[in-house]
$ cat input-v1.txt   # compact mmCIF, C-alpha atoms
# COMPACT_ATOMS: atom_id res chain seq x y z
CA MET A 13 2.02 26.62 2.56
CA ARG A 14 -1.39 27.96 1.63
CA ASP A 15 -4.48 26.26 2.98
CA ASN A 16 -4.59 22.77 1.44
CA ASN A 17 -8.23 23.27 0.57
CA VAL A 18 -7.40 25.84 -2.09
CA ILE A 19 -4.85 23.69 -3.91
CA SER A 20 -6.61 22.28 -6.94
CA ASP A 21 -6.60 18.64 -8.00
CA ALA A 22 -4.79 19.59 -11.19
CA VAL A 23 -1.90 21.09 -9.20
CA ILE A 24 -1.71 18.10 -6.85
CA LYS A 25 -1.64 15.71 -9.81
CA ARG A 26 1.27 17.62 -11.35
CA MET A 27 3.43 17.40 -8.21
CA PRO A 28 4.40 13.74 -8.82
CA LYS A 29 5.30 14.70 -12.40
CA TYR A 30 7.68 17.40 -11.13
CA TYR A 31 9.08 14.85 -8.70
CA SER A 32 9.75 12.31 -11.50
CA GLN A 33 11.46 14.93 -13.65
CA LEU A 34 13.56 16.25 -10.77
CA LYS A 35 14.68 12.71 -9.93
CA LEU A 36 15.82 12.22 -13.54
CA LEU A 37 17.61 15.61 -13.55
CA ASP A 38 19.29 14.84 -10.25
CA GLU A 39 20.41 11.41 -11.52
CA LYS A 40 21.93 13.15 -14.54
CA GLY A 41 23.85 15.52 -12.24
CA VAL A 42 21.90 18.63 -13.24
CA SER A 43 21.98 21.11 -10.34
CA LYS A 44 19.82 24.03 -11.56
CA VAL A 45 16.60 24.03 -13.58
CA SER A 46 14.47 26.89 -14.87
CA SER A 47 10.70 27.04 -14.75
CA SER A 48 10.67 27.03 -18.56
CA THR A 49 12.70 23.78 -18.70
CA LEU A 50 10.37 22.13 -16.19
CA ALA A 51 7.39 23.52 -18.12
CA ASN A 52 8.71 22.01 -21.33
CA MET A 53 9.18 18.63 -19.60
CA LEU A 54 5.57 18.66 -18.40
CA GLY A 55 4.04 20.18 -21.52
CA ILE A 56 2.71 23.23 -19.68
CA THR A 57 3.72 26.92 -19.52
CA ALA A 58 6.51 28.35 -17.34
CA SER A 59 3.92 30.62 -15.78
CA GLN A 60 1.91 27.54 -14.77
CA VAL A 61 4.99 26.00 -13.12
CA ARG A 62 5.55 29.16 -11.07
CA GLN A 63 1.86 29.29 -10.15
CA ASP A 64 1.95 25.62 -9.10
CA PHE A 65 4.97 26.19 -6.86
CA TYR A 66 3.46 29.37 -5.43
CA ASN A 67 0.81 27.15 -3.81
CA PHE A 68 3.59 25.70 -1.66
CA GLY A 69 5.55 28.88 -1.01
CA GLY A 70 7.50 29.35 -4.24
CA PHE A 71 10.72 27.27 -3.83
CA GLY A 72 13.25 29.82 -5.01
CA GLN A 73 13.93 32.79 -7.13
CA GLN A 74 12.59 33.30 -10.59
CA GLY A 75 15.43 34.21 -12.96
CA TYR A 76 18.04 32.19 -11.06
CA GLY A 77 16.23 28.90 -11.64
CA TYR A 78 15.52 26.28 -9.01
CA ASP A 79 18.12 24.22 -7.16
CA VAL A 80 17.30 20.67 -8.30
CA LYS A 81 18.27 18.86 -5.08
CA ASN A 82 16.45 21.37 -2.91
CA LEU A 83 13.31 21.40 -5.05
CA LYS A 84 13.27 17.60 -5.13
CA LYS A 85 13.55 17.57 -1.33
CA GLU A 86 10.72 20.07 -0.92
CA ILE A 87 8.42 18.09 -3.22
CA THR A 88 9.45 14.84 -1.52
CA GLN A 89 8.15 16.29 1.75
CA ILE A 90 5.01 17.73 0.19
CA LEU A 91 4.11 14.33 -1.28
CA GLY A 92 4.85 12.57 2.00
CA LEU A 93 7.69 10.58 0.41
CA ASP A 94 10.07 11.40 3.26
CA GLN A 95 8.69 8.54 5.33
CA THR A 96 7.87 4.86 4.90
CA TYR A 97 4.46 3.26 4.65
CA ASN A 98 3.28 -0.30 5.21
CA MET A 99 0.82 -1.59 2.64
CA ILE A 100 -1.35 -4.60 2.06
CA VAL A 101 -2.82 -5.72 -1.25
CA VAL A 102 -6.24 -7.33 -1.39
CA GLY A 103 -6.43 -9.46 -4.54
CA ALA A 104 -3.36 -11.52 -5.37
CA GLY A 105 -4.00 -11.73 -9.12
CA HIS A 106 -1.82 -10.32 -11.87
CA ILE A 107 -2.07 -6.71 -10.74
CA GLY A 108 -1.48 -7.53 -7.08
CA ARG A 109 1.55 -9.63 -7.98
CA ALA A 110 2.94 -6.95 -10.31
CA LEU A 111 2.77 -4.50 -7.41
CA ALA A 112 4.41 -7.01 -5.06
CA GLY A 113 7.13 -7.69 -7.62
CA TYR A 114 7.89 -4.08 -8.47
CA VAL A 115 10.83 -2.73 -6.47
CA GLY A 116 10.17 0.90 -7.44
CA PHE A 117 7.52 1.53 -4.81
CA ALA A 118 9.60 0.05 -1.99
CA LYS A 119 12.44 2.38 -3.03
CA GLU A 120 10.08 5.31 -2.46
CA GLY A 121 9.10 3.98 0.95
CA PHE A 122 5.95 2.01 0.12
CA GLU A 123 6.46 -1.53 1.40
CA ILE A 124 3.99 -4.27 0.59
CA LYS A 125 3.81 -6.45 3.69
CA ALA A 126 1.12 -8.96 2.73
CA MET A 127 -1.41 -9.90 0.06
CA PHE A 128 -4.87 -11.35 0.65
CA ASP A 129 -7.11 -13.35 -1.66
CA ILE A 130 -10.24 -15.46 -1.44
CA ASN A 131 -8.37 -18.16 -3.36
CA VAL A 132 -4.84 -18.69 -2.05
CA THR A 133 -2.86 -20.70 -4.61
CA ASP A 134 0.63 -19.85 -3.29
CA SER A 135 1.81 -18.98 0.20
CA GLU A 136 3.94 -16.10 -1.05
CA TYR A 137 4.98 -14.11 -4.13
CA ASN A 138 8.35 -12.38 -4.40
CA GLY A 139 8.74 -12.72 -0.64
CA VAL A 140 5.32 -11.20 0.14
CA PRO A 141 3.10 -13.63 2.08
CA ILE A 142 -0.36 -14.37 0.68
CA TYR A 143 -3.15 -15.00 3.19
CA HIS A 144 -6.82 -15.83 2.89
CA THR A 145 -9.05 -12.74 3.17
CA SER A 146 -10.60 -14.29 6.28
CA GLN A 147 -7.28 -13.41 7.99
CA LEU A 148 -7.64 -9.67 7.29
CA GLU A 149 -9.15 -8.75 10.68
CA LYS A 150 -6.50 -10.65 12.65
CA TYR A 151 -3.66 -9.33 10.47
CA LEU A 152 -4.78 -5.69 10.69
CA SER A 153 -5.19 -5.94 14.46
CA GLU A 154 -1.60 -7.18 14.81
CA ASN A 155 0.16 -5.02 12.18
CA LYS A 156 0.28 -1.28 11.59
CA ILE A 157 -0.83 -0.84 7.97
CA ASP A 158 -0.98 2.63 6.42
CA PHE A 159 -2.32 1.89 2.93
CA ALA A 160 -4.49 -0.85 1.45
CA VAL A 161 -4.53 -1.64 -2.25
CA ILE A 162 -7.70 -3.04 -3.79
CA ALA A 163 -6.69 -5.23 -6.72
CA THR A 164 -9.77 -7.41 -6.97
CA GLN A 165 -12.41 -7.74 -9.67
CA ALA A 166 -14.86 -4.82 -9.91
CA SER A 167 -17.65 -7.02 -8.54
CA ALA A 168 -15.79 -7.62 -5.23
CA ALA A 169 -14.21 -4.21 -4.76
CA ILE A 170 -17.00 -2.44 -2.86
CA GLU A 171 -17.38 -5.27 -0.35
CA VAL A 172 -13.60 -5.35 0.19
CA ALA A 173 -13.50 -1.58 0.66
CA ASN A 174 -16.31 -1.66 3.21
CA GLU A 175 -14.55 -4.40 5.16
CA ILE A 176 -11.10 -2.79 5.30
CA VAL A 177 -12.56 0.60 6.20
CA LYS A 178 -14.47 -1.11 9.02
CA LEU A 179 -11.15 -2.61 10.14
CA GLY A 180 -9.58 0.84 10.37
CA ILE A 181 -7.85 1.41 7.01
CA LYS A 182 -7.87 5.14 6.16
CA ASN A 183 -6.00 5.19 2.83
CA ILE A 184 -7.03 3.12 -0.18
CA TRP A 185 -5.44 2.72 -3.59
CA ASN A 186 -8.11 1.25 -5.83
CA PHE A 187 -7.24 -0.64 -9.03
CA ALA A 188 -10.73 -2.07 -9.57
CA PRO A 189 -12.57 -0.33 -12.42
CA ILE A 190 -15.38 0.92 -10.23
CA ASP A 191 -15.94 4.04 -8.14
CA ILE A 192 -16.02 3.24 -4.44
CA LYS A 193 -17.69 5.51 -1.90
CA VAL A 194 -15.85 5.85 1.40
CA PRO A 195 -16.48 7.84 4.59
CA GLY A 196 -15.15 11.42 4.65
CA ASP A 197 -12.09 10.57 6.74
CA VAL A 198 -10.94 7.89 4.31
CA VAL A 199 -8.75 8.86 1.36
CA ILE A 200 -9.16 6.86 -1.84
CA GLU A 201 -7.24 7.19 -5.07
CA ASN A 202 -8.55 5.31 -8.09
CA ILE A 203 -6.37 4.03 -10.88
CA SER A 204 -8.16 2.06 -13.55
CA MET A 205 -6.07 0.46 -16.25
CA SER A 206 -9.09 -0.54 -18.31
CA GLU A 207 -10.49 3.00 -18.21
CA SER A 208 -7.18 4.35 -19.43
CA LEU A 209 -7.03 1.73 -22.19
CA PHE A 210 -10.58 2.50 -23.30
CA VAL A 211 -9.81 6.23 -23.46
CA LEU A 212 -6.85 5.36 -25.69
CA SER A 213 -9.12 3.20 -27.83
CA TYR A 214 -11.64 6.05 -28.10
CA ARG A 215 -8.94 8.51 -29.13
CA ALA A 216 -7.49 6.07 -31.64
CA LYS A 217 -10.93 5.61 -33.19
CA ASN A 218 -11.64 9.34 -33.23
CA ARG A 219 -8.22 10.47 -34.41
CA ASN A 220 -8.47 13.81 -36.20
CA MET B 19 -22.70 12.50 -32.83
CA ARG B 20 -21.48 16.05 -32.35
CA ASP B 21 -18.06 17.06 -33.65
CA ASN B 22 -15.49 15.08 -31.65
CA ASN B 23 -13.50 18.24 -31.06
CA VAL B 24 -16.11 19.66 -28.74
CA ILE B 25 -16.30 16.62 -26.46
CA SER B 26 -14.27 17.43 -23.37
CA ASP B 27 -11.62 15.20 -21.83
CA ALA B 28 -13.73 14.91 -18.68
CA VAL B 29 -16.66 13.47 -20.67
CA ILE B 30 -14.40 11.06 -22.57
CA LYS B 31 -12.86 9.85 -19.32
CA ARG B 32 -16.31 9.14 -17.88
CA MET B 33 -17.37 6.96 -20.82
CA PRO B 34 -15.33 3.93 -19.63
CA LYS B 35 -16.88 4.38 -16.18
CA TYR B 36 -20.38 4.18 -17.66
CA TYR B 37 -19.25 1.14 -19.63
CA SER B 38 -17.99 -0.63 -16.46
CA GLN B 39 -21.20 0.11 -14.60
CA LEU B 40 -23.40 -0.99 -17.50
CA LYS B 41 -21.46 -4.24 -17.76
CA LEU B 42 -22.08 -4.92 -14.06
CA LEU B 43 -25.79 -4.03 -14.41
CA ASP B 44 -26.14 -6.25 -17.46
CA GLU B 45 -24.41 -9.14 -15.66
CA LYS B 46 -26.91 -8.71 -12.81
CA GLY B 47 -29.78 -8.94 -15.30
CA VAL B 48 -30.87 -5.30 -14.87
CA SER B 49 -32.61 -4.13 -18.07
CA LYS B 50 -33.42 -0.46 -17.39
CA VAL B 51 -31.42 2.21 -15.62
CA SER B 52 -32.22 5.86 -14.87
CA SER B 53 -29.80 8.75 -15.25
CA SER B 54 -30.01 9.29 -11.49
CA THR B 55 -28.96 5.68 -10.76
CA LEU B 56 -26.02 5.99 -13.16
CA ALA B 57 -25.20 9.38 -11.63
CA ASN B 58 -25.14 7.86 -8.16
CA MET B 59 -22.84 5.06 -9.37
CA LEU B 60 -20.38 7.60 -10.78
CA GLY B 61 -20.68 10.15 -8.01
CA ILE B 62 -21.97 12.89 -10.34
CA THR B 63 -25.38 14.53 -10.94
CA ALA B 64 -28.16 13.08 -13.12
CA SER B 65 -28.01 16.29 -15.15
CA GLN B 66 -24.33 15.63 -15.83
CA VAL B 67 -25.14 12.10 -17.04
CA ARG B 68 -27.73 13.45 -19.48
CA GLN B 69 -25.32 16.16 -20.66
CA ASP B 70 -22.57 13.56 -21.17
CA PHE B 71 -24.86 11.37 -23.27
CA TYR B 72 -26.14 14.38 -25.22
CA ASN B 73 -22.62 14.67 -26.68
CA PHE B 74 -23.24 11.35 -28.42
CA GLY B 75 -26.87 11.88 -29.38
CA GLY B 76 -28.71 11.17 -26.14
CA PHE B 77 -29.28 7.36 -26.07
CA GLY B 78 -32.92 7.28 -25.11
CA GLN B 79 -35.73 9.01 -23.39
CA GLN B 80 -35.46 10.84 -20.13
CA GLY B 81 -38.17 9.65 -17.75
CA TYR B 82 -38.29 6.12 -19.13
CA GLY B 83 -34.66 5.39 -18.23
CA TYR B 84 -32.08 3.86 -20.52
CA ASP B 85 -32.15 0.33 -21.89
CA VAL B 86 -29.03 -1.23 -20.30
CA LYS B 87 -28.13 -3.57 -23.19
CA ASN B 88 -28.65 -0.87 -25.80
CA LEU B 89 -26.74 1.79 -23.88
CA LYS B 90 -23.88 -0.67 -23.26
CA LYS B 91 -23.81 -1.43 -26.99
CA GLU B 92 -23.75 2.27 -27.93
CA ILE B 93 -20.90 3.00 -25.53
CA THR B 94 -19.05 -0.13 -26.70
CA GLN B 95 -19.08 1.34 -30.20
CA ILE B 96 -18.14 4.84 -29.06
CA LEU B 97 -15.11 3.49 -27.20
CA GLY B 98 -14.08 1.34 -30.15
CA LEU B 99 -14.59 -1.85 -28.12
CA ASP B 100 -16.62 -3.49 -30.92
CA GLN B 101 -13.44 -4.62 -32.65
CA THR B 102 -10.17 -6.35 -31.77
CA TYR B 103 -6.71 -4.81 -31.51
CA ASN B 104 -3.25 -6.32 -31.65
CA MET B 105 -0.83 -4.97 -29.07
CA ILE B 106 2.82 -5.27 -28.23
CA VAL B 107 4.42 -4.44 -24.88
CA VAL B 108 7.89 -2.90 -24.73
CA GLY B 109 9.40 -3.71 -21.34
CA ALA B 110 8.86 -7.25 -20.04
CA GLY B 111 9.20 -6.38 -16.35
CA HIS B 112 6.54 -6.70 -13.67
CA ILE B 113 4.09 -4.31 -15.31
CA GLY B 114 4.53 -5.80 -18.79
CA ARG B 115 4.03 -9.29 -17.41
CA ALA B 116 0.97 -8.25 -15.40
CA LEU B 117 -0.57 -6.95 -18.62
CA ALA B 118 0.35 -10.14 -20.48
CA GLY B 119 -1.10 -12.25 -17.68
CA TYR B 120 -4.33 -10.34 -17.30
CA VAL B 121 -7.17 -11.92 -19.28
CA GLY B 122 -9.51 -8.93 -18.87
CA PHE B 123 -8.06 -6.90 -21.73
CA ALA B 124 -8.16 -9.81 -24.18
CA LYS B 125 -11.83 -10.26 -23.29
CA GLU B 126 -12.43 -6.66 -24.41
CA GLY B 127 -10.58 -7.28 -27.66
CA PHE B 128 -7.07 -6.11 -26.76
CA GLU B 129 -4.69 -8.98 -27.50
CA ILE B 130 -1.06 -8.82 -26.48
CA LYS B 131 0.87 -10.53 -29.25
CA ALA B 132 4.48 -10.03 -28.12
CA MET B 133 6.70 -8.39 -25.51
CA PHE B 134 10.10 -6.82 -26.11
CA ASP B 135 12.93 -6.14 -23.67
CA ILE B 136 16.62 -5.21 -23.81
CA ASN B 137 17.25 -8.09 -21.42
CA VAL B 138 15.38 -11.25 -22.42
CA THR B 139 15.41 -13.68 -19.49
CA ASP B 140 12.55 -15.91 -20.69
CA SER B 141 11.33 -16.71 -24.19
CA GLU B 142 7.69 -16.26 -23.20
CA TYR B 143 5.35 -15.31 -20.39
CA ASN B 144 1.80 -16.66 -20.13
CA GLY B 145 2.02 -17.71 -23.78
CA VAL B 146 3.19 -14.27 -24.99
CA PRO B 147 6.60 -14.46 -26.72
CA ILE B 148 9.36 -12.17 -25.43
CA TYR B 149 11.85 -10.85 -28.00
CA HIS B 150 14.88 -8.60 -27.82
CA THR B 151 14.08 -4.95 -28.66
CA SER B 152 16.46 -5.25 -31.63
CA GLN B 153 13.70 -7.39 -33.22
CA LEU B 154 11.12 -4.57 -33.08
CA GLU B 155 11.63 -3.33 -36.63
CA LYS B 156 11.42 -6.81 -38.15
CA TYR B 157 8.42 -7.76 -36.01
CA LEU B 158 6.47 -4.60 -36.81
CA SER B 159 7.16 -4.98 -40.53
CA GLU B 160 5.73 -8.51 -40.47
CA ASN B 161 2.80 -8.05 -38.07
CA LYS B 162 -0.12 -5.63 -37.98
CA ILE B 163 0.05 -4.02 -34.55
CA ASP B 164 -2.51 -1.41 -33.51
CA PHE B 165 -1.30 -0.42 -30.03
CA ALA B 166 2.08 -0.38 -28.34
CA VAL B 167 2.46 -0.35 -24.57
CA ILE B 168 5.51 1.31 -23.04
CA ALA B 169 6.27 -0.46 -19.77
CA THR B 170 9.94 0.45 -19.42
CA GLN B 171 11.77 2.58 -16.86
CA ALA B 172 11.20 6.34 -17.19
CA SER B 173 14.77 6.79 -18.42
CA ALA B 174 14.20 4.55 -21.47
CA ALA B 175 10.64 5.55 -22.32
CA ILE B 176 11.29 8.51 -24.62
CA GLU B 177 13.81 6.61 -26.73
CA VAL B 178 11.40 3.66 -27.02
CA ALA B 179 8.54 5.98 -28.00
CA ASN B 180 10.63 7.67 -30.69
CA GLU B 181 11.62 4.29 -32.12
CA ILE B 182 8.15 2.75 -32.26
CA VAL B 183 6.66 5.93 -33.73
CA LYS B 184 9.37 5.86 -36.40
CA LEU B 185 8.36 2.24 -37.07
CA GLY B 186 4.76 3.29 -37.70
CA ILE B 187 2.98 2.83 -34.35
CA LYS B 188 0.15 5.38 -34.03
CA ASN B 189 -1.32 4.50 -30.63
CA ILE B 190 0.70 4.33 -27.43
CA TRP B 191 -0.26 3.36 -23.90
CA ASN B 192 2.46 4.69 -21.64
CA PHE B 193 3.08 3.25 -18.16
CA ALA B 194 6.43 5.00 -17.65
CA PRO B 195 6.17 7.91 -15.18
CA ILE B 196 7.25 10.52 -17.69
CA ASP B 197 5.43 12.68 -20.23
CA ILE B 198 6.29 11.71 -23.79
CA LYS B 199 5.86 14.07 -26.71
CA VAL B 200 4.59 12.46 -29.90
CA PRO B 201 3.75 13.79 -33.38
CA GLY B 202 0.21 15.11 -33.86
CA ASP B 203 -1.06 12.00 -35.62
CA VAL B 204 0.01 9.72 -32.76
CA VAL B 205 -2.34 9.14 -29.85
CA ILE B 206 -0.78 8.59 -26.44
CA GLU B 207 -2.49 7.82 -23.16
CA ASN B 208 -0.41 7.98 -19.99
CA ILE B 209 -1.09 5.91 -16.93
CA SER B 210 1.40 6.33 -14.14
CA MET B 211 1.04 4.10 -11.12
CA SER B 212 3.67 5.99 -9.12
CA GLU B 213 1.96 9.33 -9.80
CA SER B 214 -1.32 7.90 -8.58
CA LEU B 215 0.36 6.45 -5.48
CA PHE B 216 2.08 9.77 -4.70
CA VAL B 217 -1.23 11.64 -5.02
CA LEU B 218 -2.68 9.18 -2.50
CA SER B 219 0.30 9.76 -0.23
CA TYR B 220 -0.15 13.53 -0.53
CA ARG B 221 -3.84 13.28 0.31
CA ALA B 222 -3.14 10.95 3.23
CA LYS B 223 -0.61 13.43 4.62
CA ASN B 224 -2.94 16.41 4.09
CA ARG B 225 -6.12 14.76 5.32
CA ASN B 226 -8.54 17.35 6.66

$ encode --input "input-v1.txt" --output "structure tokens"
Amino acid sequence: MRDNNVISDAVIKRMPKYYSQLKLLDEKGVSKVSSSTLANMLGITASQVRQDFYNFGGFGQQGYGYDVKNLKKEITQILGLDQTYNMIVVGAGHIGRALAGYVGFAKEGFEIKAMFDINVTDSEYNGVPIYHTSQLEKYLSENKIDFAVIATQASAAIEVANEIVKLGIKNIWNFAPIDIKVPGDVVIENISMSESLFVLSYRAKNRN
Amino acid sequence: MRDNNVISDAVIKRMPKYYSQLKLLDEKGVSKVSSSTLANMLGITASQVRQDFYNFGGFGQQGYGYDVKNLKKEITQILGLDQTYNMIVVGAGHIGRALAGYVGFAKEGFEIKAMFDINVTDSEYNGVPIYHTSQLEKYLSENKIDFAVIATQASAAIEVANEIVKLGIKNIWNFAPIDIKVPGDVVIENISMSESLFVLSYRAKNRN
């Protein structure tokens, strides 16, 4: 693998797309796939596919196509999906509960162990216990948690992030529609549903 | 406003971020904001903020700062958030229900009117009726729907997209982790939670 520093964000963001497509192909029993078929699935060029894979060593011979199972396995490892992760969710509202209810992430190795909220209305949701946020420090000292999800309102998100980082969390998945600054050794990935919806609304309004 | 064609995706994707920050500032009673404060909130340069706004005419004088209420109003209009939209959700699973349960989108004018699923286990969720997908054609012929959300499994998403486009839907918000091709007059915005999670997992594994 080339130095991670030189792999662009655009390439990294396409890797999960390859993974999704390869999973579908594998489920359908397809054993070989060409770069042009993958390119077509992702809406990019075959040359781009080969360039993307070159960042990680190439994955097989051009002209013969890629072995689907092998390529899926390689990308599984690259994405870190060959292991399991324990997660907590801070904010047990609709988004937090959707995450706790969704079995897809657990299938990929991401297990939600607990949710936290400032207003605990139920003790659990879909088998995931819900605790008051005042329990965060105790819980994190007693349990090995790899990822924390921030699913609070925008107004609370920065405070929550500061607290969990202080308590040792190094990987954050942020659903609050606000950019959160974290120390250099903390990884944060933002996903904002409202931002995505507003981009759609903009494009709908400015349709050519 | 300059020709929409020349406004880059990166600029468009930042507009909802400005909107979120301006909403927070307005809620806090802040009346003026400088480009450098906004830049700091978004993690970009003040020059970038001014360039972004220049695409839409500028919004006020450099040096005096921007009027928060006015800038929020301008961006509200640019994003098409000054009107209401009727939405349906296809796929009444955890994601569909989270969307139906979340009041934030309705507050911004996006109202979920109905959900559709191939397996209807409840007649409604949070006041939103759930119908069988076989009712889509009838429903769409009788109701004016502006946006459709695809919240199905990846394997069903393309078929669903083809059907709703055939039935006249022009704006799609896709939560399925698969790229969907649509005709040129249809706008689609993809938001994939699993892709975002896998990017986080990649970055966590390849932390410097």

$ residues_around --input "input-v1.txt" --residues "Pro141 (chain A)" --least-positions-apart "3" --cutoff "12 Å" --atoms "all atoms listed in the file" --output "PyMOL selection string"
chain A and resi 100-102+104+108-109+112+124-129+132-138+144+147+151

$ atom_distance --input "input-v1.txt" --atom1 "CA of Ser146 (chain A)" --atom2 "CA of Ile176 (chain A)"
11.6 Å

$ closest_atom_pairs --input "input-v1.txt" --of "chain A" --to "chain B" --cutoff "6 Å" --atoms "only C-alpha atoms" --output "tab-separated table"
residue	atom	partner	partner_atom	distance
A:Pro28	CA	B:Glu213	CA	5.1
A:Leu91	CA	B:Tyr220	CA	4.4
A:Gly92	CA	B:Tyr220	CA	5.7
A:His106	CA	B:Ala116	CA	5.0
A:Ile107	CA	B:Ala116	CA	5.8
A:Ala110	CA	B:His112	CA	4.9
A:Tyr114	CA	B:His112	CA	6.0
A:Glu201	CA	B:Leu218	CA	5.6
A:Glu207	CA	B:Pro34	CA	5.1
A:Leu212	CA	B:Glu207	CA	5.6
A:Ser213	CA	B:Gly98	CA	5.8
A:Tyr214	CA	B:Leu97	CA	4.4

$ write_last_selection --input "input-v1.txt" --atoms "C-alpha atoms" --output "PDB file, in the coordinates of the input"
ATOM      1  CA  PRO A  28       4.400  13.740  -8.820  1.00  0.00           C
ATOM      2  CA  LEU A  91       4.110  14.330  -1.280  1.00  0.00           C
ATOM      3  CA  GLY A  92       4.850  12.570   2.000  1.00  0.00           C
ATOM      4  CA  HIS A 106      -1.820 -10.320 -11.870  1.00  0.00           C
ATOM      5  CA  ILE A 107      -2.070  -6.710 -10.740  1.00  0.00           C
ATOM      6  CA  ALA A 110       2.940  -6.950 -10.310  1.00  0.00           C
ATOM      7  CA  TYR A 114       7.890  -4.080  -8.470  1.00  0.00           C
ATOM      8  CA  GLU A 201      -7.240   7.190  -5.070  1.00  0.00           C
ATOM      9  CA  GLU A 207     -10.490   3.000 -18.210  1.00  0.00           C
ATOM     10  CA  LEU A 212      -6.850   5.360 -25.690  1.00  0.00           C
ATOM     11  CA  SER A 213      -9.120   3.200 -27.830  1.00  0.00           C
ATOM     12  CA  TYR A 214     -11.640   6.050 -28.100  1.00  0.00           C
TER      13      TYR A 214
END

$ atom_distance --input "input-v1.txt" --atom1 "CA of Asn82 (chain A)" --atom2 "CA of Met99 (chain A)"
28.3 Å

$ residues_around --input "input-v1.txt" --residues "Val18 (chain A)" --least-positions-apart "6" --cutoff "12 Å" --atoms "only C-alpha atoms" --output "compact mmCIF listing (two decimals) with C-alpha atoms, in the frame of the given file"
# COMPACT_ATOMS: atom_id res chain seq x y z
CA ILE A 24 -1.71 18.10 -6.85
CA ASP A 64 1.95 25.62 -9.10
CA TYR A 66 3.46 29.37 -5.43
CA ASN A 67 0.81 27.15 -3.81
CA PHE A 68 3.59 25.70 -1.66

$ decode --input "input-v1.txt" --residues "region 188-203 of chain A" --atoms "N, CA and C atoms" --output "compact mmCIF listing (two decimals), in the first residue's frame"
# COMPACT_ATOMS: atom_id res chain seq x y z
N ALA A 188 -24.83 15.49 14.10
CA ALA A 188 -25.35 16.85 14.36
C ALA A 188 -24.91 17.77 13.22
N PRO A 189 -25.80 18.65 12.76
CA PRO A 189 -25.47 19.49 11.61
C PRO A 189 -24.57 20.66 11.98
N ILE A 190 -23.39 20.32 12.48
CA ILE A 190 -22.45 21.37 12.89
C ILE A 190 -21.04 20.78 12.83
N ASP A 191 -20.10 21.59 12.37
CA ASP A 191 -18.71 21.11 12.30
C ASP A 191 -18.08 21.16 13.68
N ILE A 192 -17.48 20.07 14.08
CA ILE A 192 -16.89 19.96 15.41
C ILE A 192 -15.38 19.85 15.26
N LYS A 193 -14.66 20.69 15.99
CA LYS A 193 -13.19 20.62 15.96
C LYS A 193 -12.73 19.63 17.02
N VAL A 194 -11.80 18.76 16.64
CA VAL A 194 -11.28 17.77 17.58
C VAL A 194 -9.76 17.78 17.52
N PRO A 195 -9.10 17.30 18.58
CA PRO A 195 -7.63 17.24 18.55
C PRO A 195 -7.16 16.36 17.39
N GLY A 196 -5.89 16.54 16.99
CA GLY A 196 -5.34 15.87 15.82
C GLY A 196 -5.37 14.36 15.87
N ASP A 197 -5.38 13.76 17.07
CA ASP A 197 -5.37 12.31 17.15
C ASP A 197 -6.78 11.72 17.17
N VAL A 198 -7.78 12.59 17.08
CA VAL A 198 -9.16 12.11 17.07
C VAL A 198 -9.69 12.17 15.63
N VAL A 199 -10.34 11.10 15.22
CA VAL A 199 -10.91 11.02 13.88
C VAL A 199 -12.39 11.32 13.98
N ILE A 200 -12.88 12.22 13.14
CA ILE A 200 -14.31 12.53 13.15
C ILE A 200 -14.84 12.47 11.72
N GLU A 201 -15.97 11.86 11.57
CA GLU A 201 -16.64 11.80 10.26
C GLU A 201 -18.03 12.39 10.46
N ASN A 202 -18.32 13.42 9.66
CA ASN A 202 -19.61 14.10 9.79
C ASN A 202 -20.60 13.57 8.78
N ILE A 203 -21.82 13.36 9.20
CA ILE A 203 -22.88 13.03 8.26
C ILE A 203 -24.10 13.85 8.67
